[in-house]
Amino acid sequence: MFHHLPKAKSRLLVVALAISTSVLLVGCGPEAPPCSDPLRLESVLRMVAQGHDEDLGTYKFKTADIVSLEAGTAAVTSYDESIKRRSCEVHLTFTFKPTVLQKMNFYMDWMGNPLGAALKYGIPPELYWNVERSQQYKTDATVIRVVSGDRVSDAPLRLPVTYKIVKDEGANTFSTSTSYSTATTTPYLKVASNALAFDEHMRSVLKAHGTAVPSSMQYGQVTQPAVVASAAGGGSPSEREEELKLQRAADMILRGNPIRGADLPQSAPAATGAAQASAPPTAPAPASGSGPESLMSLITKYEPCGEEAVCLHTGKGNVVWMQASMMRRMDYALLDKAISSKTPVCLRDVTRTDAKNFAADGLDSAC
């Protein structure tokens, strides 16, 4: 029924990677253009959009249909005078276009519980059997559900991009090459493309059965967030937390995904272990000499602590350290669900590491 979508597959798509290059004339000057040169940033935006369109492949709707793509403040990271090469970095923001977010959440509801969604959106239950859910639709929705739960956040997607401006050999022109990973952005664009196609299909089903489009599908304007991070490394704490959460989920789903543009090495995540020192010692600790205990605790967020650990922040302000290699995919899903629903989880074999912090060997929904 959905001829514009690829046949259902039982595996998740590993994001295809490539190096994008664009050549722009800059006259006869030997100096490389600055990182903030409008033509360079325009070229970066174009190459990133093309890269995401390549990831979308045969999906009907493409990047330009789904998001508005903007570049933040560009920064120079290095300059090699001998070869006239300038290295730069910039954070891009993907802001969902009006009505796309509502259609995405309608799609997510239907993929999770179609009969419940029919009742929620005022669609006659008898039409439930006429609305197809392809395996690809369900798979793409599951990827986002691991990250966001049953609802898609209205926060823009943020993508760090590094790029180089290099003088072409024997000429007074310069080439721009980009390097970035689409692991945390392409899954959302797939869901958005599916959602737009699904909305069209739903409306065609309603029309074919002489049923009016319900008011719940008369989508209005999407409310845009008040703050959009623009500078490299910027963003509010909630935006940075969302970015970390997206990256963790993408790492679980697309294990081993390299950086687009393999000429640049992937940066290691900054260690955040120092955050542990700021947590006040208010969480309950095991009784002295009693050995490890399992405790129920409300977790408000989690984040990487360097490359080998994950730090869980409790509702009472404490930090619980867990070994990253011992964290299972279901543990991250459990944490995401518990944080969104504000319900406690069981920390197994908890021990005090110092006056303020703790360590745990595992997680469960109940002790």
# chains A, B, ... in the order shown; residues from 1 in each chain; ligands from 1

call {"tool": "residues_around", "arguments": {"residues": "segment 196-213 of chain A", "least_positions_apart": "6", "cutoff": "8 Å", "atoms": "only C-alpha atoms", "output": "ChimeraX atom specification"}}
result
/A:60-61,100,103-104,107,127,130-131

call {"tool": "atom_distance", "arguments": {"atom1": "atom CA of His52 of chain A", "atom2": "atom CA of Ile165 of chain A"}}
result
21.5 Å

call {"tool": "residues_around", "arguments": {"residues": "segment 331-333 of chain A", "least_positions_apart": "3", "cutoff": "6 Å", "atoms": "only C-alpha atoms", "output": "CSV table (one decimal) with all heavy atoms, in the first residue's frame"}}
result
chain,number,residue,atom,x,y,z
A,146,VAL,N,12.8,4.3,22.1
A,146,VAL,CA,13.9,4.0,23.0
A,146,VAL,C,14.5,5.3,23.6
A,146,VAL,O,14.9,5.4,24.7
A,146,VAL,CB,15.1,3.2,22.3
A,146,VAL,CG1,16.3,3.1,23.1
A,146,VAL,CG2,14.6,1.8,21.9
A,328,ARG,N,22.8,-2.7,30.2
A,328,ARG,CA,22.2,-3.3,29.1
A,328,ARG,C,21.2,-2.4,28.4
A,328,ARG,O,20.9,-1.3,29.0
A,328,ARG,CB,21.3,-4.6,29.6
A,328,ARG,CG,22.1,-5.6,30.4
A,328,ARG,CD,21.2,-6.4,31.2
A,328,ARG,NE,20.4,-5.7,32.2
A,328,ARG,CZ,19.5,-6.1,32.9
A,328,ARG,NH1,19.1,-7.4,32.8
A,328,ARG,NH2,18.8,-5.4,33.8
A,336,ASP,N,14.9,5.6,31.1
A,336,ASP,CA,14.1,6.6,30.3
A,336,ASP,C,12.7,6.5,30.8
A,336,ASP,O,12.0,7.6,31.0
A,336,ASP,CB,14.2,6.3,28.8
A,336,ASP,CG,15.6,6.6,28.3
A,336,ASP,OD1,16.4,7.4,28.9
A,336,ASP,OD2,16.0,6.0,27.2

call {"tool": "atom_distance", "arguments": {"atom1": "atom CA of Leu189 of chain A", "atom2": "atom CA of Asn105 of chain A"}}
result
13.1 Å

call {"tool": "residues_around", "arguments": {"residues": "Ala49 of chain A", "least_positions_apart": "4", "cutoff": "12 Å", "atoms": "only C-alpha atoms", "output": "JSON, numbers by chain"}}
result
{"A": [20, 42, 43, 44, 45, 53, 54, 55, 56, 62, 63, 64, 65, 66, 67, 68, 69, 70, 71, 92, 93, 94, 159, 178, 180, 182, 185, 186, 189]}

call {"tool": "write_last_selection", "arguments": {"atoms": "N, CA, C and O atoms", "output": "short mmCIF file (atom, residue, chain, number, x, y, z; two decimals), in the first residue's frame"}}
result
data_model
loop_
_atom_site.label_atom_id
_atom_site.label_comp_id
_atom_site.auth_asym_id
_atom_site.auth_seq_id
_atom_site.Cartn_x
_atom_site.Cartn_y
_atom_site.Cartn_z
N SER A 20 31.47 14.69 1.85
CA SER A 20 30.86 15.61 0.89
C SER A 20 31.82 16.74 0.60
O SER A 20 32.47 17.26 1.50
N GLU A 42 26.75 28.00 3.85
CA GLU A 42 25.69 27.54 2.94
C GLU A 42 26.07 26.19 2.34
O GLU A 42 25.23 25.30 2.20
N SER A 43 27.35 26.04 1.99
CA SER A 43 27.83 24.78 1.44
C SER A 43 27.72 23.67 2.46
O SER A 43 27.31 22.54 2.15
N VAL A 44 28.08 23.96 3.74
CA VAL A 44 27.98 22.95 4.80
C VAL A 44 26.53 22.52 4.99
O VAL A 44 26.22 21.32 5.08
N LEU A 45 25.60 23.48 5.03
CA LEU A 45 24.19 23.16 5.19
C LEU A 45 23.70 22.29 4.04
O LEU A 45 22.95 21.32 4.25
N ASP A 53 19.48 13.17 3.13
CA ASP A 53 18.63 12.66 2.05
C ASP A 53 19.14 11.30 1.56
O ASP A 53 18.35 10.42 1.21
N GLU A 54 20.46 11.13 1.53
CA GLU A 54 21.02 9.84 1.15
C GLU A 54 20.62 8.77 2.16
O GLU A 54 20.29 7.64 1.79
N ASP A 55 20.64 9.12 3.44
CA ASP A 55 20.20 8.18 4.47
C ASP A 55 18.73 7.81 4.29
O ASP A 55 18.34 6.66 4.52
N LEU A 56 17.90 8.78 3.92
CA LEU A 56 16.47 8.53 3.75
C LEU A 56 16.19 7.66 2.54
O LEU A 56 15.16 6.96 2.50
N LYS A 62 11.71 14.20 2.24
CA LYS A 62 13.13 14.41 2.46
C LYS A 62 13.36 15.54 3.48
O LYS A 62 12.42 16.14 4.00
N THR A 63 14.63 15.83 3.71
CA THR A 63 15.02 16.78 4.76
C THR A 63 14.31 18.13 4.62
O THR A 63 13.80 18.68 5.60
N ALA A 64 14.27 18.66 3.41
CA ALA A 64 13.67 19.98 3.20
C ALA A 64 12.17 19.99 3.50
O ALA A 64 11.60 21.05 3.79
N ASP A 65 11.51 18.83 3.42
CA ASP A 65 10.08 18.74 3.73
C ASP A 65 9.83 18.71 5.24
O ASP A 65 8.71 18.97 5.69
N ILE A 66 10.86 18.35 6.00
CA ILE A 66 10.68 18.00 7.41
C ILE A 66 11.17 19.08 8.36
O ILE A 66 10.50 19.41 9.35
N VAL A 67 12.37 19.62 8.11
CA VAL A 67 12.99 20.53 9.07
C VAL A 67 13.52 21.79 8.38
O VAL A 67 13.74 21.81 7.17
N SER A 68 13.71 22.81 9.19
CA SER A 68 14.47 23.99 8.78
C SER A 68 15.87 23.82 9.37
O SER A 68 16.01 23.58 10.57
N LEU A 69 16.88 23.93 8.53
CA LEU A 69 18.25 23.67 8.94
C LEU A 69 19.01 24.99 9.04
O LEU A 69 19.04 25.76 8.08
N GLU A 70 19.60 25.26 10.22
CA GLU A 70 20.31 26.51 10.43
C GLU A 70 21.68 26.25 11.05
O GLU A 70 21.84 25.28 11.83
N ALA A 71 22.64 27.11 10.72
CA ALA A 71 23.99 27.01 11.28
C ALA A 71 24.14 28.00 12.43
O ALA A 71 23.66 29.13 12.36
N LEU A 92 24.76 22.69 14.05
CA LEU A 92 23.56 22.94 13.24
C LEU A 92 22.33 22.57 14.05
O LEU A 92 22.37 21.68 14.90
N THR A 93 21.23 23.26 13.79
CA THR A 93 19.96 22.93 14.43
C THR A 93 18.94 22.52 13.37
O THR A 93 18.82 23.15 12.33
N PHE A 94 18.22 21.44 13.67
CA PHE A 94 17.14 20.94 12.83
C PHE A 94 15.84 21.25 13.56
O PHE A 94 15.53 20.61 14.57
N LEU A 159 23.27 19.09 15.77
CA LEU A 159 24.27 18.25 15.11
C LEU A 159 25.61 18.98 15.03
O LEU A 159 25.72 20.01 14.36
N THR A 178 33.15 18.14 4.75
CA THR A 178 32.47 18.06 6.03
C THR A 178 32.65 16.70 6.67
O THR A 178 32.89 15.70 5.99
N TYR A 180 30.67 14.48 9.95
CA TYR A 180 29.64 14.47 10.97
C TYR A 180 29.01 13.08 11.04
O TYR A 180 29.20 12.26 10.15
N THR A 182 25.32 11.04 11.49
CA THR A 182 23.86 11.21 11.40
C THR A 182 23.11 10.26 12.34
O THR A 182 21.91 10.10 12.23
N THR A 185 20.25 11.98 14.26
CA THR A 185 19.32 12.83 13.51
C THR A 185 18.51 12.05 12.48
O THR A 185 17.29 12.23 12.38
N THR A 186 19.16 11.18 11.72
CA THR A 186 18.45 10.43 10.68
C THR A 186 17.26 9.63 11.23
O THR A 186 16.20 9.60 10.59
N LEU A 189 14.34 11.87 11.26
CA LEU A 189 13.86 12.24 9.93
C LEU A 189 13.10 11.08 9.29
O LEU A 189 12.15 11.30 8.54
#

call {"tool": "residues_around", "arguments": {"residues": "Glu169 of chain A", "least_positions_apart": "4", "cutoff": "12 Å", "atoms": "only C-alpha atoms", "output": "ChimeraX atom specification"}}
result
/A:30,83-85,173-175

call {"tool": "write_last_selection", "arguments": {"atoms": "N, CA and C atoms", "output": "PDB file, in the first residue's frame"}}
result
ATOM      1  N   PRO A  30      45.366  34.110  -1.777  1.00  0.00           N
ATOM      2  CA  PRO A  30      45.880  32.822  -1.326  1.00  0.00           C
ATOM      3  C   PRO A  30      45.337  32.391   0.036  1.00  0.00           C
ATOM      4  N   ILE A  83      49.747  24.651   3.793  1.00  0.00           N
ATOM      5  CA  ILE A  83      48.866  24.091   2.753  1.00  0.00           C
ATOM      6  C   ILE A  83      47.562  24.873   2.627  1.00  0.00           C
ATOM      7  N   LYS A  84      47.480  26.011   3.315  1.00  0.00           N
ATOM      8  CA  LYS A  84      46.290  26.862   3.251  1.00  0.00           C
ATOM      9  C   LYS A  84      45.025  26.072   3.610  1.00  0.00           C
ATOM     10  N   ARG A  85      45.074  25.434   4.781  1.00  0.00           N
ATOM     11  CA  ARG A  85      43.914  24.649   5.224  1.00  0.00           C
ATOM     12  C   ARG A  85      43.407  25.189   6.546  1.00  0.00           C
ATOM     13  N   THR A 173      41.331  28.295  -5.976  1.00  0.00           N
ATOM     14  CA  THR A 173      40.006  27.932  -5.471  1.00  0.00           C
ATOM     15  C   THR A 173      40.183  27.106  -4.209  1.00  0.00           C
ATOM     16  N   PHE A 174      39.107  27.026  -3.439  1.00  0.00           N
ATOM     17  CA  PHE A 174      39.143  26.286  -2.181  1.00  0.00           C
ATOM     18  C   PHE A 174      37.985  25.288  -2.141  1.00  0.00           C
ATOM     19  N   SER A 175      38.252  24.128  -1.554  1.00  0.00           N
ATOM     20  CA  SER A 175      37.226  23.094  -1.395  1.00  0.00           C
ATOM     21  C   SER A 175      36.822  23.005   0.064  1.00  0.00           C
TER      22      SER A 175
END
